[in-house]
Every structure is written in C-alpha cells, then in structure tokens.
Amino acid sequence: MNCHLLVPDLFWPAAAGSAPIRDIRVPALQTILARGRGTRTAGSSLERWLASAFALPESLPLAPYALRGDGGEPGGDVWSHADPVHLKVHGNRLILADASRLSVTADETRDFVAALNQQFAPEHITFAAPHSQRWYARMTEQSEASTVPTTEVAGRSIDPFVPAGEDGARWRRIFNEAQMILHAHPHNAAREAAGALPVNSVWLWGAGRGGKPASAYDVVWADHPLASGLAAASGTTRRALPNSAVPLLKEPGGKSALVVAALLPSTAYGDVAAWREALLEFERSWCAPLLAGVAGKKVRSLTLHGLGPDFGYDVEYTRQDQLRLWRRLKPLHAYAP
C-alpha cells in the first residue's frame, strides 16, 4: 500500500513561535520528518489541499461535495456553505468564532434555519442543515464571488476575507441580512442568558455545482464530509476513519490510500494543552503503527502531508529511508520557521 496521510493543523502559525511544540516527544513522527525525503510547502487548509488533490478550481466550489458527504443530495443545483458562526466586536474589528466553539443544538439549528428561509425565500435561497455545525444554502445562480473557507477565518478579523469579486456586493448584503435575522432570534437571547455565544451570523463560501472530480487514490479513509463527498463523487472507495492505523495495515497490496486524519484541534484558538494531548494520541495510534508497517513491508511508501496556516511539509518515507541513520531526529520546533 502507498499511504498518503493528510494531517491538518500539524504546524502552528508562524507567529506562535516554538512554544506550542517545544519539549514534546513524538519519536515516530520525528523519524518520518527527519529520515524521509521532505520539502517545506506553503500554508494550506484541509479544504484547499483537497481541492487541489481532486483537481478542482482555485475558486473552491466545494459546498456540493461537502453536502454529499453530510448525507445530502446536491443534484445539479448551486450550493454554498453557510456555516453558523459568532462574530465578536473587538475594537473596530469583527472576530469570527466557528461552529466548533458554539455547541449549537438540533432544535436551535432547526429554528435558525427556518428563520433564514423565511427571510430569503423571495430571493430563492434555501438553507439546509444536515449537521448542526455545517449549514448550506441552495441558490439559483452560480456565484462569481471570491470567498474563503471558515477554517481559514476562525479566530481572525473578517475584514480581509469578506466576499469579493463580481458578486461580492450581493453576498455581503446576504451576509448582513442574515446577521440581522439571527441577532434578533429568541434562541440567541436564551444562549446569552445561559453564558453561551450567540449564533449571530453565517459564513458564506465555496459555492458551486457538483461534478465528477479526478482522484489519484483507490480508497479514501475519512470522517470529514468534504473528503467523503469528494471520494463519492469521483467514484473512489470510501471508508470511515478508524481509531488507529491498524485496520489500514490489513489492506491488500498495490493500493493507493488517502487517509484524512483531521484529528488535531484547530490552532486558531491557541489551545496548546488540547493540541499537545491530541498529537501524542496521533503519534501512538497512527505514526507508530504506520512506521512499523513500513518496516514490516505492509506499507510500500508513507507520504505525510502536514498542514499549517503559514507552512507545511510533504515527506515521503520508504523502507530504504530506515537506513538513513545519520539523519538525527530533530525536535518538532526545529521545523518551525
């Protein structure tokens, strides 16, 4: 098996320095990085990496594929992500917190979506929420707006990222109207009274129609809806992400597998303790077994695609690389800029 291991949030923003990764020991991961054949890459999100891997345009028309991965049926319609978010005023800026910080309930989701649909029905925009953290909007026309994935805006000021381009003004108007509807919703008053962040906006991005993307893989292991939806649309075998790499090692030889290991908390919110704990579990459950799989001739090549907002690494590790003992293991912070 040739295994491609995609790991979002493996590297912290450059501004964080080495503090989040200093003095953490992950010998299997360090071995792959030190003895494999690697190159530093530009910063990337999971969404942009998958779009490139499946030969989709840089405009990121990803919503119909994610909707399919969430169990929806996009058909031939135009769909956009309309992710529930919280916008917090900070000085003269609005800072975005994504749905991972909100714990929106199913009942709240149903009522929020109903209010949005009532407002936007005259414009033939229909909102749907197959998952409480992931909402979508069906539109009648293809958008020419330039948009940015929610994950790339999380924890940051929205000013540089609001929709732009030919349809940017219309999308910004929809964005503002959605804020007014949600701000006044009774559920948000109840959330604030309970000490929870209100769901006071949606983040629109990734509009497009579905199609059949290209795939270089025989099988995709993933729980992320975008990866699952892209696999389904391309005709690639899909499998749920297991708790460890052990089931992968039982795969028949000759296959090319993409493993979307979206297992680390977002670095956007600076939760170092949670990230370090998750990295240690990733080392035990994934890096160590896959490294042993290379040694045991169950994995022909292991290619790590480690992502971060400002930089990343692509590293290919094979059995021959086990012999590069002169390449001493480096601490993770040595790979930071």
# chains A, B, ... in the order shown; residues from 1 in each chain; ligands from 1
call {"tool": "residues_around", "arguments": {"residues": "Leu182 of chain A", "least_positions_apart": "5", "cutoff": "9 Å", "atoms": "only C-alpha atoms", "output": "list of chain:residue names"}}
result
A:Phe112, A:Ala115, A:Leu116, A:Glu177, A:His187, A:Asn188, A:Pro198, A:Val199, A:Asn200, A:Ser201, A:Val202
call {"tool": "write_last_selection", "arguments": {"atoms": "N, CA and C atoms", "output": "PDB file, in the first residue's frame"}}
result
ATOM      1  N   PHE A 112     -33.258  28.338  13.683  1.00  0.00           N
ATOM      2  CA  PHE A 112     -32.434  29.332  12.990  1.00  0.00           C
ATOM      3  C   PHE A 112     -32.621  29.209  11.474  1.00  0.00           C
ATOM      4  N   ALA A 115     -35.938  30.524  10.246  1.00  0.00           N
ATOM      5  CA  ALA A 115     -35.976  31.989  10.190  1.00  0.00           C
ATOM      6  C   ALA A 115     -35.235  32.507   8.953  1.00  0.00           C
ATOM      7  N   LEU A 116     -34.101  31.902   8.642  1.00  0.00           N
ATOM      8  CA  LEU A 116     -33.358  32.313   7.451  1.00  0.00           C
ATOM      9  C   LEU A 116     -34.146  32.018   6.182  1.00  0.00           C
ATOM     10  N   GLU A 177     -27.857  40.731   6.029  1.00  0.00           N
ATOM     11  CA  GLU A 177     -29.251  40.428   6.350  1.00  0.00           C
ATOM     12  C   GLU A 177     -29.343  39.214   7.278  1.00  0.00           C
ATOM     13  N   HIS A 187     -33.657  32.464  20.329  1.00  0.00           N
ATOM     14  CA  HIS A 187     -32.679  31.470  20.795  1.00  0.00           C
ATOM     15  C   HIS A 187     -31.376  32.142  21.222  1.00  0.00           C
ATOM     16  N   ASN A 188     -31.000  33.201  20.543  1.00  0.00           N
ATOM     17  CA  ASN A 188     -29.736  33.851  20.893  1.00  0.00           C
ATOM     18  C   ASN A 188     -29.834  34.601  22.213  1.00  0.00           C
ATOM     19  N   PRO A 198     -23.797  33.635  21.175  1.00  0.00           N
ATOM     20  CA  PRO A 198     -24.906  33.614  20.223  1.00  0.00           C
ATOM     21  C   PRO A 198     -24.441  33.249  18.820  1.00  0.00           C
ATOM     22  N   VAL A 199     -25.324  32.621  18.087  1.00  0.00           N
ATOM     23  CA  VAL A 199     -25.071  32.326  16.670  1.00  0.00           C
ATOM     24  C   VAL A 199     -25.601  33.532  15.909  1.00  0.00           C
ATOM     25  N   ASN A 200     -24.736  34.495  15.631  1.00  0.00           N
ATOM     26  CA  ASN A 200     -25.224  35.770  15.118  1.00  0.00           C
ATOM     27  C   ASN A 200     -24.868  36.035  13.654  1.00  0.00           C
ATOM     28  N   SER A 201     -24.397  34.999  12.940  1.00  0.00           N
ATOM     29  CA  SER A 201     -24.125  35.175  11.516  1.00  0.00           C
ATOM     30  C   SER A 201     -23.914  33.811  10.867  1.00  0.00           C
ATOM     31  N   VAL A 202     -23.858  33.835   9.552  1.00  0.00           N
ATOM     32  CA  VAL A 202     -23.411  32.668   8.782  1.00  0.00           C
ATOM     33  C   VAL A 202     -22.225  33.113   7.932  1.00  0.00           C
TER      34      VAL A 202
END
call {"tool": "closest_atom_pairs", "arguments": {"of": "segment 168-224 of chain A", "to": "segment 236-247 of chain A", "cutoff": "9 Å", "atoms": "only C-alpha atoms", "output": "tab-separated table"}}
result
residue	atom	partner	partner_atom	distance
A:Ser215	CA	A:Thr236	CA	7.1
A:Ala216	CA	A:Thr236	CA	9.0
A:Tyr217	CA	A:Thr236	CA	7.0
A:Asp218	CA	A:Thr236	CA	5.9
A:Val219	CA	A:Thr237	CA	4.6
A:Val220	CA	A:Arg238	CA	5.0
A:Trp221	CA	A:Arg239	CA	4.8
A:Ala222	CA	A:Leu241	CA	4.6
A:Asp223	CA	A:Leu241	CA	5.5
A:His224	CA	A:Leu241	CA	8.8
call {"tool": "residues_around", "arguments": {"residues": "Tyr335 of chain A", "least_positions_apart": "2", "cutoff": "9 Å", "atoms": "only C-alpha atoms", "output": "ChimeraX atom specification"}}
result
/A:11,33,40,313,330-333,337
call {"tool": "write_last_selection", "arguments": {"atoms": "N, CA and C atoms", "output": "short mmCIF file (atom, residue, chain, number, x, y, z; two decimals), in the first residue's frame"}}
result
data_model
loop_
_atom_site.label_atom_id
_atom_site.label_comp_id
_atom_site.auth_asym_id
_atom_site.auth_seq_id
_atom_site.Cartn_x
_atom_site.Cartn_y
_atom_site.Cartn_z
N PHE A 11 1.08 21.94 12.06
CA PHE A 11 2.02 23.02 12.36
C PHE A 11 1.26 24.28 12.76
N LEU A 33 9.82 12.71 9.68
CA LEU A 33 10.26 14.03 9.25
C LEU A 33 11.76 14.08 8.99
N ARG A 40 9.48 21.66 2.37
CA ARG A 40 8.57 22.61 3.00
C ARG A 40 7.56 23.09 1.96
N TYR A 313 4.73 20.58 5.51
CA TYR A 313 5.77 19.69 4.98
C TYR A 313 5.11 18.51 4.26
N LYS A 330 15.15 15.43 15.00
CA LYS A 330 15.12 16.80 15.47
C LYS A 330 13.85 17.03 16.29
N PRO A 331 13.89 17.94 17.24
CA PRO A 331 12.64 18.32 17.92
C PRO A 331 11.71 19.00 16.93
N LEU A 332 10.41 18.92 17.20
CA LEU A 332 9.44 19.49 16.27
C LEU A 332 9.65 20.98 16.04
N HIS A 333 10.09 21.68 17.10
CA HIS A 333 10.23 23.12 16.92
C HIS A 333 11.34 23.47 15.92
N PRO A 337 9.47 27.94 11.19
CA PRO A 337 10.30 28.96 10.53
C PRO A 337 11.08 29.79 11.53
#
call {"tool": "residues_around", "arguments": {"residues": "Gly210 of chain A", "least_positions_apart": "5", "cutoff": "8 Å", "atoms": "only C-alpha atoms", "output": "mmCIF file with C-alpha atoms, in the first residue's frame"}}
result
data_model
loop_
_atom_site.group_PDB
_atom_site.id
_atom_site.type_symbol
_atom_site.label_atom_id
_atom_site.label_comp_id
_atom_site.auth_asym_id
_atom_site.auth_seq_id
_atom_site.Cartn_x
_atom_site.Cartn_y
_atom_site.Cartn_z
ATOM 1 C CA PRO A 61 -16.559 25.205 -5.389
ATOM 2 C CA LEU A 62 -16.639 22.668 -2.567
ATOM 3 C CA PRO A 64 -21.924 20.425 -3.046
ATOM 4 C CA TYR A 65 -19.280 17.805 -2.271
ATOM 5 C CA PRO A 74 -26.812 18.344 -4.199
ATOM 6 C CA GLY A 75 -28.259 17.381 -7.586
ATOM 7 C CA GLY A 76 -27.484 19.968 -10.249
ATOM 8 C CA ASP A 77 -28.135 22.987 -8.022
ATOM 9 C CA VAL A 78 -25.683 25.611 -6.849
#
call {"tool": "residues_around", "arguments": {"residues": "Ile32 of chain A", "least_positions_apart": "2", "cutoff": "12 Å", "atoms": "only C-alpha atoms", "output": "ChimeraX atom specification"}}
result
/A:5,26-30,34-38,283,286-288,290-292,294,301-306,313-319,321-322,324-325,327-330,332
call {"tool": "residues_around", "arguments": {"residues": "segment 99-111 of chain A", "least_positions_apart": "3", "cutoff": "10 Å", "atoms": "only C-alpha atoms", "output": "PyMOL selection string"}}
result
chain A and resi 83-86+96+114-117+128-135+150-151+154+185-188+191+196-199+202+265-266+269
call {"tool": "atom_distance", "arguments": {"atom1": "atom CA of His124 of chain A", "atom2": "atom CA of Arg48 of chain A"}}
result
28.8 Å
call {"tool": "select_by_dssp", "arguments": {"residues": "segment 155-302 of chain A", "states": "alpha helix (DSSP H)", "output": "PyMOL selection string"}}
result
chain A and resi 168-183+186-193+225-234+272-282+288-295
call {"tool": "residues_around", "arguments": {"residues": "Ile125 of chain A", "least_positions_apart": "2", "cutoff": "8 Å", "atoms": "only C-alpha atoms", "output": "ChimeraX atom specification"}}
result
/A:117,120-123,127,137-140
call {"tool": "write_last_selection", "arguments": {"atoms": "C-alpha atoms", "output": "mmCIF file, in the first residue's frame"}}
result
data_model
loop_
_atom_site.group_PDB
_atom_site.id
_atom_site.type_symbol
_atom_site.label_atom_id
_atom_site.label_comp_id
_atom_site.auth_asym_id
_atom_site.auth_seq_id
_atom_site.Cartn_x
_atom_site.Cartn_y
_atom_site.Cartn_z
ATOM 1 C CA ASN A 117 -35.566 30.528 4.949
ATOM 2 C CA PHE A 120 -34.613 34.683 1.921
ATOM 3 C CA ALA A 121 -37.454 32.778 0.230
ATOM 4 C CA PRO A 122 -38.232 35.748 -2.080
ATOM 5 C CA GLU A 123 -34.647 35.523 -3.381
ATOM 6 C CA PHE A 127 -30.925 26.993 3.756
ATOM 7 C CA ALA A 137 -27.568 27.413 1.134
ATOM 8 C CA ARG A 138 -29.060 26.431 -2.234
ATOM 9 C CA MET A 139 -29.076 29.198 -4.821
ATOM 10 C CA THR A 140 -30.488 29.549 -8.288
#
call {"tool": "closest_residue", "arguments": {"among": "A:Asn176, A:Asp271, A:Leu10, A:Ala334", "to": "Ser44 of chain A", "atoms": "only C-alpha atoms"}}
result
A:Leu10
call {"tool": "closest_residue", "arguments": {"among": "A:Ser45, A:His4, A:Glu73, A:Glu141", "to": "Gly308 of chain A", "atoms": "only C-alpha atoms"}}
result
A:Ser45
